[in-house]
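Engineer: One structure, as structure tokens, below. Some questions next.
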Amino acid sequence: MLEITTLDDITALKESFDIECKLATGKDRKGELPKDFWPTYSAFANTEGGDIFLGIKEHADGHFEPIGIADLAKVKDELWTGLNNRQKVSCNLLRERWVMERCIDGKSILQIHVPRAPRKQKPVYLRNNPITGTYKRLNSSDCLVDEESVRRMLAEQIEDTRDNEVLKGYGVDDLDLDSFNAYRQIYSNREPDHPWNQVDAQDFLYNIGAWRKDREAGHSGLTRAGLLMFGRLPAIKEAFPNYMLDYQERPEAKTEPRWIDRLTLDGSWSGNVFDFYRKVIRKLTADLKIPFLLDGDQRQDDTLVHKALREALVNTLVHADYTGRASILIVKRPDMFGFRNPGGMRIPREFAIRGGESDCRNRLLQDLFRYIGLGENAGSGLPKIYQGWSSQHWRQPVLREKDVPSEQTLEILRNSLGKQFDRLSQEARLILVTAQIEKTVDHSRMIGMMDIHPHDLTKLFASLTEKGFLLQDGSGRGTIYCLPETRYEDDWEELRSRGSGGRIGGLGDSSGGSGDLQSIAAPVATKKRAPKTEMERVILALCAQSPLTLEQLHRLLNRSTEVLRKDYLQPMVKTKKLRYRYPTKPNHPEQAYITAKEGQ
């Protein structure tokens with residue numbers, strides 16, 4: 001939870017992934033809970049949590065100032081009333097101690113800490129509709145979640161484990177017997193006197209959870225865990241259409257996906273999770289240096305690093321969402337080991353790293369590994385990984401949770417660019433995917449996403465622009481890029497033809513058109529007061545002609561920048577009547593407003 005106690009703390013604030021500031025003065029200037037509080041509440045709850053500050057003004061240059069709330073009690077009452085209204089929001093995550101009154105520079109502000117929602121309360125949604133009212137945080141924006149992701153969150157909420165379903169129509173014939181027999185041999189070697197060693201194959205499958213009776217439906221068969229662990233690839237792909245396992249050994253410390261050894265689903269082996277583990281763990285540990293250690297009078301060939309890699313690989317497999325569209329990917333490079341799986345974390349990252357709490361997505365699959373001495377179910381896996389890396393004085397492992405591009409996004413790009421898209425490098429494809437999702441990209445955004453030298457990234461942007469995959473606007477640090485079909489600035493060609501280089505000129509420069517704009521603005525510019533609907537109509541008409549900055553609108557409409565920004569521009573962006581010229585950089589020094597077309 002962020003601690004704010006001084007004016008310097010306010011000055012240092014920047015709206016980001018987990019911070020949001022709102023004015024909250026209301027029409028009577030005494031205080032009112034802003035309507036756009038609720039999307040931020042939903043977004044923070046469904047992502048990593050965050051802090052909302054009410055009574056703080058954000059200036060055009062990006063710095064923050066405490067304005068204060070005259071009637072804090074009224075705002076708090078509105079907050080608690082809304083939180084407990086199921087027509088407003090699906091659940092109340094807040095505790096009283098997380099709603100804090102602060103006095104900064106003599107001004108009363110309200111700090112509201114929104115925690116990350118537990119799995120069983122996700123998604124946190126608005127307007128009594130999870131499909132249209134679920135938000136997540138992307139950079140400093142609250143973004144609606146697509147329907148597929150919402151349905152996945154709803155499934156995670158209901159299902160404690162996602163692998164115990166009995167698969168109707170699947171039987172022993174769908175198993176790879178070599179894999180199953182190898183598992184039984186490992187189990188027997190580990191537990192030579194266990195009575196399960198004496199039963200037949202089907203009873204053994206039943207005992208370990210790979211086979212189950214559905215007593216309500218009246219049938220029995222393989223569980224999802226059993227098929228994943230021991231199945232043949234065609235049967236697994238029928239039950240899990242997005243199933244993909246991939247191991248790559250790369251020769252250099254670069255993100256370039258050039259590999260010297262790869263194991264994937266090519267039909268040359270069973271393709272099940274158990275065999276993938278056995279093959280990959282040998283590759284991961286093949287060239288580890290093993291110190292000469294004694295355990296009593298026996299040499300110990302297992303180290304904390306070996307144990308850490310086993311834990312990482314097992315964790316990747318048992319916590320994966322096998323219905324997800326992303327692949328399970330294991331990467332070995334000279335400088336790192338990387339493990340990726342589809343599916344969001346079920347507990348907060350800090351809890352997972354600390355250990356002691358476990359909420360496994362595939363508990364039966366976890367049991368199948370545990371029966372042969374692999375993996376833990378007491379939440380101790382990640383601490384063991386960190387312990388192994390610490391034992392070698394290596395850099396601490398990084399645990400990240402992030403949204404990945406959906407297959408729908410990739411298909412949009414493939415349909416647009418054809419086979420050229422698949423021939424691009426991984427870095428180039430990532431830039432285009434980001435541009436498709438976020439509408440625009442820039443140098444700093446991609447540096448934060450990729451392990452690439454800035455000079456190489458500049459060359460990559462230049463190459464994509466030269467080939468026509470991206471359009472460029474601006475120069476130097478203000479340069480941004482978008483896909484040609486996005487055309488977030490509808491009159492680029494007109495601006496270029498006027499010699500403006502894509503930049504927005506002043507109203508009195510040689511770009512022309514100022515008289516037209518002034519005539520559009522005249523109905524309100526010549527009046528001290530104008531109805532709000534009339535003001536919005538004129539703003540939309542102006543911004544449909546050309547992207548206009550706050551300063552330009554101030555000069556055209558004869559209204560203060562504060563009134564325009566707070567009472568008109570920001571609300572119209574929120575309601576999607578206007579859109580930003582630089583959507584991923586709300587505080588861009590050349591930010592301008594564009595009238596949004598239907599569907600944008």
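By order in the structure tokens, chains are A, B, ...; within a chain, residues start at 1; ligands start at 1, following the order shown.
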Please list as a compact mmCIF listing (two decimals) with N, CA, C and O atoms, in the first residue's frame every residue within 12 Å of Thr47 of chain A, counting only C-alpha atoms and excluding residues in the same chain fewer than 3 positions away.

Structural biologist:
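Below you can see result-v3.txt, which holds the result:
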```
# COMPACT_ATOMS: atom_id res chain seq x y z
N PHE A 17 0.47 1.75 -13.59
CA PHE A 17 -0.23 0.47 -13.52
C PHE A 17 -1.05 0.36 -12.24
O PHE A 17 -2.15 -0.18 -12.25
N ASP A 18 -0.55 0.88 -11.13
CA ASP A 18 -1.24 0.67 -9.85
C ASP A 18 -1.56 1.98 -9.11
O ASP A 18 -1.79 1.96 -7.91
N THR A 40 -12.02 1.77 -12.65
CA THR A 40 -10.69 1.62 -12.06
C THR A 40 -10.72 0.60 -10.92
O THR A 40 -9.79 -0.20 -10.76
N TYR A 41 -11.77 0.63 -10.11
CA TYR A 41 -11.92 -0.35 -9.03
C TYR A 41 -11.93 -1.77 -9.61
O TYR A 41 -11.23 -2.67 -9.13
N SER A 42 -12.72 -1.98 -10.66
CA SER A 42 -12.79 -3.30 -11.31
C SER A 42 -11.43 -3.69 -11.88
O SER A 42 -10.97 -4.83 -11.71
N ALA A 43 -10.77 -2.74 -12.55
CA ALA A 43 -9.49 -3.04 -13.20
C ALA A 43 -8.42 -3.40 -12.19
O ALA A 43 -7.67 -4.38 -12.36
N PHE A 44 -8.30 -2.62 -11.10
CA PHE A 44 -7.32 -2.94 -10.07
C PHE A 44 -7.61 -4.30 -9.45
O PHE A 44 -6.70 -5.11 -9.23
N GLY A 50 -4.19 -1.80 -6.48
CA GLY A 50 -3.62 -0.48 -6.64
C GLY A 50 -4.26 0.53 -5.71
O GLY A 50 -5.10 0.18 -4.87
N VAL A 114 -7.21 -0.66 -3.25
CA VAL A 114 -8.00 -1.76 -3.81
C VAL A 114 -7.09 -2.98 -3.91
O VAL A 114 -6.09 -2.95 -4.64
N PRO A 115 -7.40 -4.07 -3.21
CA PRO A 115 -6.55 -5.25 -3.29
C PRO A 115 -6.83 -6.07 -4.54
O PRO A 115 -7.86 -5.90 -5.19
N ARG A 116 -5.93 -6.92 -4.89
CA ARG A 116 -6.19 -7.91 -5.94
C ARG A 116 -7.27 -8.86 -5.44
O ARG A 116 -7.22 -9.35 -4.31
N ALA A 117 -8.26 -9.12 -6.27
CA ALA A 117 -9.36 -9.99 -5.86
C ALA A 117 -8.91 -11.44 -5.78
O ALA A 117 -8.14 -11.89 -6.64
N PRO A 118 -9.38 -12.18 -4.78
CA PRO A 118 -9.10 -13.63 -4.75
C PRO A 118 -9.72 -14.31 -5.95
O PRO A 118 -10.69 -13.81 -6.55
N ARG A 119 -9.20 -15.46 -6.30
CA ARG A 119 -9.69 -16.18 -7.47
C ARG A 119 -11.19 -16.39 -7.44
O ARG A 119 -11.88 -16.24 -8.45
N LYS A 122 -13.17 -13.34 -8.65
CA LYS A 122 -12.95 -12.82 -9.99
C LYS A 122 -13.91 -13.47 -10.96
O LYS A 122 -14.23 -14.66 -10.83
N PRO A 123 -14.37 -12.71 -11.94
CA PRO A 123 -14.07 -11.31 -12.20
C PRO A 123 -14.90 -10.37 -11.33
O PRO A 123 -16.05 -10.68 -11.00
N VAL A 124 -14.31 -9.24 -10.98
CA VAL A 124 -15.05 -8.16 -10.35
C VAL A 124 -15.60 -7.29 -11.48
O VAL A 124 -14.82 -6.76 -12.29
N THR A 134 -16.43 -6.10 -17.11
CA THR A 134 -15.19 -6.52 -16.48
C THR A 134 -14.01 -5.76 -17.07
O THR A 134 -13.84 -5.72 -18.29
N TYR A 135 -13.19 -5.15 -16.21
CA TYR A 135 -12.05 -4.35 -16.64
C TYR A 135 -10.75 -4.93 -16.10
O TYR A 135 -10.72 -5.60 -15.06
N LYS A 136 -9.66 -4.68 -16.81
CA LYS A 136 -8.31 -4.98 -16.33
C LYS A 136 -7.43 -3.75 -16.58
O LYS A 136 -7.75 -2.90 -17.42
N ARG A 137 -6.33 -3.70 -15.87
CA ARG A 137 -5.41 -2.56 -15.96
C ARG A 137 -4.36 -2.83 -17.03
O ARG A 137 -3.69 -3.87 -17.00
N LEU A 138 -4.23 -1.92 -17.97
CA LEU A 138 -3.18 -1.96 -18.98
C LEU A 138 -2.46 -0.63 -18.96
O LEU A 138 -3.04 0.40 -19.31
N ASN A 139 -1.19 -0.66 -18.51
CA ASN A 139 -0.44 0.58 -18.29
C ASN A 139 -1.24 1.48 -17.34
O ASN A 139 -1.53 1.09 -16.23
N SER A 141 -4.33 2.65 -18.08
CA SER A 141 -5.70 2.67 -18.57
C SER A 141 -6.52 1.51 -18.01
O SER A 141 -5.97 0.45 -17.71
N ASP A 142 -7.82 1.73 -17.92
CA ASP A 142 -8.76 0.68 -17.52
C ASP A 142 -9.41 0.15 -18.79
O ASP A 142 -10.14 0.88 -19.47
N CYS A 143 -9.14 -1.11 -19.13
CA CYS A 143 -9.57 -1.66 -20.41
C CYS A 143 -10.58 -2.78 -20.19
O CYS A 143 -10.42 -3.62 -19.30
N VAL A 145 -12.33 -6.26 -20.65
CA VAL A 145 -11.78 -7.59 -20.89
C VAL A 145 -12.63 -8.29 -21.95
O VAL A 145 -13.87 -8.19 -21.93
N MET A 153 -12.10 -16.62 -16.55
CA MET A 153 -12.08 -16.20 -15.14
C MET A 153 -13.26 -16.80 -14.38
O MET A 153 -13.11 -17.22 -13.22
N GLY A 344 -3.52 -17.32 -15.70
CA GLY A 344 -3.11 -16.36 -14.67
C GLY A 344 -2.80 -17.06 -13.36
O GLY A 344 -3.23 -18.18 -13.10
N MET A 345 -2.03 -16.38 -12.51
CA MET A 345 -1.70 -16.93 -11.20
C MET A 345 -2.95 -16.93 -10.31
O MET A 345 -3.72 -15.98 -10.32
N ARG A 346 -3.10 -17.99 -9.54
CA ARG A 346 -4.28 -18.12 -8.69
C ARG A 346 -4.10 -17.45 -7.33
O ARG A 346 -5.07 -17.22 -6.62
N ILE A 347 -2.87 -17.17 -6.95
CA ILE A 347 -2.60 -16.42 -5.73
C ILE A 347 -1.65 -15.28 -6.09
O ILE A 347 -0.94 -15.36 -7.10
N PRO A 348 -1.62 -14.20 -5.31
CA PRO A 348 -0.72 -13.09 -5.61
C PRO A 348 0.74 -13.53 -5.66
O PRO A 348 1.14 -14.47 -4.97
N ARG A 349 1.53 -12.86 -6.48
CA ARG A 349 2.93 -13.24 -6.66
C ARG A 349 3.70 -13.25 -5.35
O ARG A 349 4.50 -14.16 -5.10
N GLU A 401 3.58 -12.08 -14.36
CA GLU A 401 2.26 -12.47 -14.85
C GLU A 401 1.85 -11.41 -15.85
O GLU A 401 1.81 -10.22 -15.54
N LYS A 402 1.55 -11.82 -17.06
CA LYS A 402 1.18 -10.84 -18.06
C LYS A 402 0.21 -11.45 -19.04
O LYS A 402 0.18 -12.65 -19.26
N ASP A 403 -0.61 -10.56 -19.65
CA ASP A 403 -1.50 -11.00 -20.70
C ASP A 403 -0.68 -11.24 -21.96
O ASP A 403 0.26 -10.52 -22.26
```

Engineer: Which residues of segment 271-347 of chain A come within 12 Å of segment 367-371 of chain A, and for each one, what is the closest pair of atoms and their distance in Å to one decimal, counting only C-alpha atoms, sorted by chain and residue number, as CSV?

Structural biologist:
```
residue,atom,partner,partner_atom,distance
A:Val273,CA,A:Phe369,CA,10.3
A:Phe274,CA,A:Phe369,CA,8.4
A:Asp275,CA,A:Phe369,CA,11.8
A:Tyr277,CA,A:Phe369,CA,9.9
A:Arg278,CA,A:Phe369,CA,11.3
A:Arg310,CA,A:Phe369,CA,10.9
A:Glu311,CA,A:Phe369,CA,10.6
A:Leu313,CA,A:Phe369,CA,11.1
A:Val314,CA,A:Phe369,CA,7.6
A:Asn315,CA,A:Phe369,CA,10.1
A:Leu317,CA,A:Phe369,CA,9.9
A:Val318,CA,A:Phe369,CA,8.7
```

Engineer: Just write the chosen residues, C-alpha atoms, as a PDB file, in the first residue's frame.

Structural biologist:
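Saved to part_0.pdb:
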```pdb
ATOM      1  CA  VAL A 273       3.111 -34.261 -20.246  1.00  0.00           C
ATOM      2  CA  PHE A 274       4.972 -37.094 -18.476  1.00  0.00           C
ATOM      3  CA  ASP A 275       7.283 -37.800 -21.422  1.00  0.00           C
ATOM      4  CA  TYR A 277       8.980 -33.748 -18.395  1.00  0.00           C
ATOM      5  CA  ARG A 278      11.352 -36.724 -18.660  1.00  0.00           C
ATOM      6  CA  ARG A 310      12.785 -29.804 -11.384  1.00  0.00           C
ATOM      7  CA  GLU A 311      10.454 -27.649  -9.307  1.00  0.00           C
ATOM      8  CA  LEU A 313       9.440 -27.549 -14.733  1.00  0.00           C
ATOM      9  CA  VAL A 314       6.846 -29.403 -12.652  1.00  0.00           C
ATOM     10  CA  ASN A 315       5.270 -26.115 -11.537  1.00  0.00           C
ATOM     11  CA  LEU A 317       3.180 -28.179 -16.109  1.00  0.00           C
ATOM     12  CA  VAL A 318       0.795 -28.560 -13.171  1.00  0.00           C
TER      13      VAL A 318
END
```

Engineer: If we count only C-alpha atoms, what is near Asn164 of chain A at a cut-off of 7 Å, once residues fewer than 5 positions away on the same chain are taken out, given as a PyMOL selection string?

Structural biologist: chain A and resi 223-225+364

Engineer: Take the residues that were just selected and, keeping all heavy atoms, output them as an mmCIF file, in the first residue's frame.

Structural biologist:
```cif
data_model
loop_
_atom_site.group_PDB
_atom_site.id
_atom_site.type_symbol
_atom_site.label_atom_id
_atom_site.label_comp_id
_atom_site.auth_asym_id
_atom_site.auth_seq_id
_atom_site.Cartn_x
_atom_site.Cartn_y
_atom_site.Cartn_z
ATOM 1 N N THR A 223 -9.589 -39.352 -16.572
ATOM 2 C CA THR A 223 -9.728 -37.945 -16.199
ATOM 3 C C THR A 223 -8.882 -37.097 -17.151
ATOM 4 O O THR A 223 -8.023 -37.608 -17.880
ATOM 5 C CB THR A 223 -9.258 -37.710 -14.762
ATOM 6 O OG1 THR A 223 -7.875 -38.104 -14.650
ATOM 7 C CG2 THR A 223 -10.105 -38.509 -13.775
ATOM 8 N N ARG A 224 -9.149 -35.800 -17.129
ATOM 9 C CA ARG A 224 -8.327 -34.899 -17.933
ATOM 10 C C ARG A 224 -6.857 -35.026 -17.543
ATOM 11 O O ARG A 224 -5.958 -34.998 -18.397
ATOM 12 C CB ARG A 224 -8.801 -33.456 -17.745
ATOM 13 C CG ARG A 224 -10.194 -33.204 -18.306
ATOM 14 C CD ARG A 224 -10.832 -31.947 -17.711
ATOM 15 N NE ARG A 224 -10.187 -30.729 -18.138
ATOM 16 C CZ ARG A 224 -10.596 -29.961 -19.142
ATOM 17 N NH1 ARG A 224 -11.671 -30.318 -19.829
ATOM 18 N NH2 ARG A 224 -9.967 -28.858 -19.459
ATOM 19 N N ALA A 225 -6.593 -35.189 -16.232
ATOM 20 C CA ALA A 225 -5.215 -35.347 -15.769
ATOM 21 C C ALA A 225 -4.592 -36.620 -16.319
ATOM 22 O O ALA A 225 -3.424 -36.633 -16.733
ATOM 23 C CB ALA A 225 -5.177 -35.353 -14.244
ATOM 24 N N LEU A 364 -4.963 -33.027 -9.622
ATOM 25 C CA LEU A 364 -4.701 -34.435 -9.911
ATOM 26 C C LEU A 364 -3.366 -34.602 -10.633
ATOM 27 O O LEU A 364 -2.600 -35.524 -10.342
ATOM 28 C CB LEU A 364 -5.831 -35.025 -10.760
ATOM 29 C CG LEU A 364 -7.148 -35.320 -10.052
ATOM 30 C CD1 LEU A 364 -8.133 -35.970 -11.015
ATOM 31 C CD2 LEU A 364 -6.934 -36.245 -8.856
#
```

Engineer: Taking only segment 50-103 of chain A into account, list the residues labelled strand (DSSP E or B) by DSSP (computed from the backbone), as a PyMOL selection string.

Structural biologist: chain A and resi 50-54+56-58+64-66+89+99-103

Engineer: Write out, as a PDB file, in the first residue's frame, the residues just selected, with N, CA and C atoms.

Structural biologist:
```
ATOM      1  N   GLY A  50      -4.195  -1.800  -6.476  1.00  0.00           N
ATOM      2  CA  GLY A  50      -3.619  -0.476  -6.641  1.00  0.00           C
ATOM      3  C   GLY A  50      -4.265   0.532  -5.711  1.00  0.00           C
ATOM      4  N   ASP A  51      -3.858   1.788  -5.836  1.00  0.00           N
ATOM      5  CA  ASP A  51      -4.344   2.863  -4.973  1.00  0.00           C
ATOM      6  C   ASP A  51      -4.994   3.951  -5.814  1.00  0.00           C
ATOM      7  N   ILE A  52      -6.199   4.353  -5.391  1.00  0.00           N
ATOM      8  CA  ILE A  52      -6.929   5.438  -6.041  1.00  0.00           C
ATOM      9  C   ILE A  52      -6.926   6.633  -5.099  1.00  0.00           C
ATOM     10  N   PHE A  53      -6.516   7.800  -5.611  1.00  0.00           N
ATOM     11  CA  PHE A  53      -6.470   9.019  -4.803  1.00  0.00           C
ATOM     12  C   PHE A  53      -7.548   9.971  -5.305  1.00  0.00           C
ATOM     13  N   LEU A  54      -8.447  10.363  -4.410  1.00  0.00           N
ATOM     14  CA  LEU A  54      -9.514  11.301  -4.736  1.00  0.00           C
ATOM     15  C   LEU A  54      -9.180  12.663  -4.125  1.00  0.00           C
ATOM     16  N   ILE A  56      -7.204  14.894  -5.980  1.00  0.00           N
ATOM     17  CA  ILE A  56      -5.917  15.294  -6.552  1.00  0.00           C
ATOM     18  C   ILE A  56      -6.123  15.641  -8.015  1.00  0.00           C
ATOM     19  N   LYS A  57      -5.612  16.774  -8.424  1.00  0.00           N
ATOM     20  CA  LYS A  57      -5.747  17.244  -9.797  1.00  0.00           C
ATOM     21  C   LYS A  57      -4.478  16.950 -10.583  1.00  0.00           C
ATOM     22  N   GLU A  58      -4.676  16.429 -11.777  1.00  0.00           N
ATOM     23  CA  GLU A  58      -3.558  16.225 -12.687  1.00  0.00           C
ATOM     24  C   GLU A  58      -3.514  17.389 -13.676  1.00  0.00           C
ATOM     25  N   PHE A  64       0.920  16.492 -10.376  1.00  0.00           N
ATOM     26  CA  PHE A  64      -0.296  16.368  -9.584  1.00  0.00           C
ATOM     27  C   PHE A  64      -0.307  17.400  -8.450  1.00  0.00           C
ATOM     28  N   GLU A  65      -1.519  17.857  -8.126  1.00  0.00           N
ATOM     29  CA  GLU A  65      -1.681  18.874  -7.082  1.00  0.00           C
ATOM     30  C   GLU A  65      -2.865  18.497  -6.190  1.00  0.00           C
ATOM     31  N   PRO A  66      -2.686  18.529  -4.856  1.00  0.00           N
ATOM     32  CA  PRO A  66      -3.826  18.249  -3.974  1.00  0.00           C
ATOM     33  C   PRO A  66      -4.819  19.414  -3.995  1.00  0.00           C
ATOM     34  N   VAL A  89     -21.682  -2.986  -8.559  1.00  0.00           N
ATOM     35  CA  VAL A  89     -20.440  -3.761  -8.661  1.00  0.00           C
ATOM     36  C   VAL A  89     -20.664  -5.118  -8.015  1.00  0.00           C
ATOM     37  N   VAL A  99      -9.521   2.609   3.431  1.00  0.00           N
ATOM     38  CA  VAL A  99     -10.077   3.890   2.982  1.00  0.00           C
ATOM     39  C   VAL A  99      -9.563   4.940   3.953  1.00  0.00           C
ATOM     40  N   MET A 100      -8.570   5.713   3.528  1.00  0.00           N
ATOM     41  CA  MET A 100      -7.805   6.556   4.441  1.00  0.00           C
ATOM     42  C   MET A 100      -7.928   8.035   4.095  1.00  0.00           C
ATOM     43  N   GLU A 101      -8.211   8.833   5.080  1.00  0.00           N
ATOM     44  CA  GLU A 101      -8.215  10.281   4.906  1.00  0.00           C
ATOM     45  C   GLU A 101      -6.797  10.800   5.101  1.00  0.00           C
ATOM     46  N   ARG A 102      -6.351  11.616   4.162  1.00  0.00           N
ATOM     47  CA  ARG A 102      -5.014  12.212   4.243  1.00  0.00           C
ATOM     48  C   ARG A 102      -5.150  13.729   4.214  1.00  0.00           C
ATOM     49  N   CYS A 103      -4.293  14.393   4.956  1.00  0.00           N
ATOM     50  CA  CYS A 103      -4.233  15.855   4.914  1.00  0.00           C
ATOM     51  C   CYS A 103      -2.881  16.252   4.334  1.00  0.00           C
TER      52      CYS A 103
END
```

Engineer: Rounded to one decimal in Å, what is the spacing between atom CA of Lys289 of chain A and atom CA of Asn341 of chain A?

Structural biologist: 27.4 Å

Engineer: Could you find all residues in segment 236-340 of chain A that DSSP calls alpha helix (DSSP H) from the backbone, and write them as a ChimeraX atom specification?

Structural biologist: /A:236-239,273-285,304-318

Engineer: When distances are computed from only C-alpha atoms, which of A:Tyr206, A:Ala428, A:Pro484, A:Ala308 shows the smallest separation from Pro397 of chain A?

Structural biologist: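 The shortest atom-to-atom distance to Pro397 of chain A comes from A:Ala308.
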
Engineer: Name the residues in contact with Ile594 of chain A at a cut-off of 9 Å, using only C-alpha atoms, excluding same-chain residues fewer than 4 positions from it; report them as number ranges by chain.

Structural biologist: A: 488-490, 540, 542-548, 577-581

Engineer: Since we have the selection now, will you write its residues out, keeping N, CA, C and O atoms, as a PDB file, in the first residue's frame?

Structural biologist:
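This went into selection.pdb:
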```pdb
ATOM      1  N   TYR A 488      -5.081   6.004 -36.737  1.00  0.00           N
ATOM      2  CA  TYR A 488      -5.661   6.707 -35.596  1.00  0.00           C
ATOM      3  C   TYR A 488      -5.784   8.200 -35.844  1.00  0.00           C
ATOM      4  O   TYR A 488      -6.521   8.901 -35.174  1.00  0.00           O
ATOM      5  N   GLU A 489      -5.045   8.710 -36.841  1.00  0.00           N
ATOM      6  CA  GLU A 489      -5.194  10.124 -37.198  1.00  0.00           C
ATOM      7  C   GLU A 489      -5.659  10.174 -38.639  1.00  0.00           C
ATOM      8  O   GLU A 489      -4.913   9.936 -39.570  1.00  0.00           O
ATOM      9  N   ASP A 490      -6.961  10.440 -38.830  1.00  0.00           N
ATOM     10  CA  ASP A 490      -7.598  10.228 -40.109  1.00  0.00           C
ATOM     11  C   ASP A 490      -7.069  11.130 -41.211  1.00  0.00           C
ATOM     12  O   ASP A 490      -7.215  10.826 -42.388  1.00  0.00           O
ATOM     13  N   LEU A 540     -16.856  18.151 -30.802  1.00  0.00           N
ATOM     14  CA  LEU A 540     -16.816  17.005 -31.712  1.00  0.00           C
ATOM     15  C   LEU A 540     -16.652  17.461 -33.156  1.00  0.00           C
ATOM     16  O   LEU A 540     -15.914  16.838 -33.942  1.00  0.00           O
ATOM     17  N   LEU A 542     -15.191  20.235 -34.181  1.00  0.00           N
ATOM     18  CA  LEU A 542     -13.822  20.730 -34.344  1.00  0.00           C
ATOM     19  C   LEU A 542     -12.824  19.579 -34.481  1.00  0.00           C
ATOM     20  O   LEU A 542     -11.977  19.578 -35.380  1.00  0.00           O
ATOM     21  N   CYS A 543     -12.940  18.626 -33.576  1.00  0.00           N
ATOM     22  CA  CYS A 543     -11.958  17.528 -33.548  1.00  0.00           C
ATOM     23  C   CYS A 543     -12.179  16.521 -34.671  1.00  0.00           C
ATOM     24  O   CYS A 543     -11.349  15.641 -34.891  1.00  0.00           O
ATOM     25  N   ALA A 544     -13.307  16.640 -35.362  1.00  0.00           N
ATOM     26  CA  ALA A 544     -13.515  15.827 -36.560  1.00  0.00           C
ATOM     27  C   ALA A 544     -12.753  16.411 -37.751  1.00  0.00           C
ATOM     28  O   ALA A 544     -12.444  15.702 -38.711  1.00  0.00           O
ATOM     29  N   GLN A 545     -12.466  17.727 -37.688  1.00  0.00           N
ATOM     30  CA  GLN A 545     -11.737  18.382 -38.768  1.00  0.00           C
ATOM     31  C   GLN A 545     -10.246  18.099 -38.693  1.00  0.00           C
ATOM     32  O   GLN A 545      -9.587  17.872 -39.704  1.00  0.00           O
ATOM     33  N   SER A 546      -9.720  18.103 -37.455  1.00  0.00           N
ATOM     34  CA  SER A 546      -8.286  17.936 -37.267  1.00  0.00           C
ATOM     35  C   SER A 546      -8.021  17.614 -35.802  1.00  0.00           C
ATOM     36  O   SER A 546      -8.749  18.098 -34.922  1.00  0.00           O
ATOM     37  N   PRO A 547      -7.016  16.824 -35.492  1.00  0.00           N
ATOM     38  CA  PRO A 547      -6.653  16.615 -34.092  1.00  0.00           C
ATOM     39  C   PRO A 547      -6.250  17.936 -33.450  1.00  0.00           C
ATOM     40  O   PRO A 547      -5.420  18.666 -33.996  1.00  0.00           O
ATOM     41  N   LEU A 548      -6.838  18.244 -32.307  1.00  0.00           N
ATOM     42  CA  LEU A 548      -6.599  19.537 -31.673  1.00  0.00           C
ATOM     43  C   LEU A 548      -6.093  19.344 -30.255  1.00  0.00           C
ATOM     44  O   LEU A 548      -6.604  18.511 -29.496  1.00  0.00           O
ATOM     45  N   LYS A 577     -16.458   9.335 -26.943  1.00  0.00           N
ATOM     46  CA  LYS A 577     -16.849  10.308 -27.967  1.00  0.00           C
ATOM     47  C   LYS A 577     -15.600  10.900 -28.619  1.00  0.00           C
ATOM     48  O   LYS A 577     -15.592  11.215 -29.805  1.00  0.00           O
ATOM     49  N   LEU A 578     -14.560  11.088 -27.817  1.00  0.00           N
ATOM     50  CA  LEU A 578     -13.259  11.526 -28.300  1.00  0.00           C
ATOM     51  C   LEU A 578     -12.238  10.430 -28.041  1.00  0.00           C
ATOM     52  O   LEU A 578     -12.435   9.581 -27.183  1.00  0.00           O
ATOM     53  N   ARG A 579     -11.135  10.496 -28.769  1.00  0.00           N
ATOM     54  CA  ARG A 579     -10.025   9.601 -28.465  1.00  0.00           C
ATOM     55  C   ARG A 579      -8.721  10.385 -28.522  1.00  0.00           C
ATOM     56  O   ARG A 579      -8.641  11.453 -29.150  1.00  0.00           O
ATOM     57  N   TYR A 580      -7.720   9.861 -27.842  1.00  0.00           N
ATOM     58  CA  TYR A 580      -6.418  10.506 -27.809  1.00  0.00           C
ATOM     59  C   TYR A 580      -5.667  10.280 -29.122  1.00  0.00           C
ATOM     60  O   TYR A 580      -5.750   9.215 -29.734  1.00  0.00           O
ATOM     61  N   ARG A 581      -4.907  11.262 -29.507  1.00  0.00           N
ATOM     62  CA  ARG A 581      -3.990  11.078 -30.643  1.00  0.00           C
ATOM     63  C   ARG A 581      -2.873  10.106 -30.269  1.00  0.00           C
ATOM     64  O   ARG A 581      -2.402   9.337 -31.106  1.00  0.00           O
TER      65      ARG A 581
END
```

Engineer: Mind pulling up the distance from atom CA of Ala312 of chain A to atom CA of Ser270 of chain A?

Structural biologist: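 If I compute the distance from atom CA of Ser270 of chain A to atom CA of Ala312 of chain A, I get 22.1 Å.
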
Engineer: Near segment 325-335 of chain A, counting only C-alpha atoms, which residues have an atom at most 6 Å away, once you skip same-chain residues fewer than 4 positions from it, shown as a list in words?

Structural biologist: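 Listed by chain and then number, they are Asn242, Met244, Leu245, Asp246, Tyr247, Gln248, Glu249, Arg250, Ala253, Phe339, Arg340, Asn341 and Pro342 of chain A.
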
Engineer: Go through A:Asp442, A:Asp61, A:Asp160, A:Glu536 and flag the residue nearest Gln570 of chain A, using only C-alpha atoms for the distances.

Structural biologist: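 Between A:Asp442, A:Asp61, A:Asp160, A:Glu536, the residue approaching Gln570 of chain A most closely is A:Glu536.
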
Engineer: Near Asn129 of chain A, within 12 Å and counting only C-alpha atoms, which residues show up once chain neighbours fewer than 2 positions away are dropped, as a PyMOL selection string?

Structural biologist: chain A and resi 86-90+123-127+131-135+147+150-151

Engineer: Mind giving me the straight-line distance from atom CA of Glu148 of chain A to atom CA of Phe240 of chain A in Å, one decimal?

Structural biologist: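 Taking atom CA of Glu148 of chain A as the start and atom CA of Phe240 of chain A as the end point, the length is 15.9 Å.
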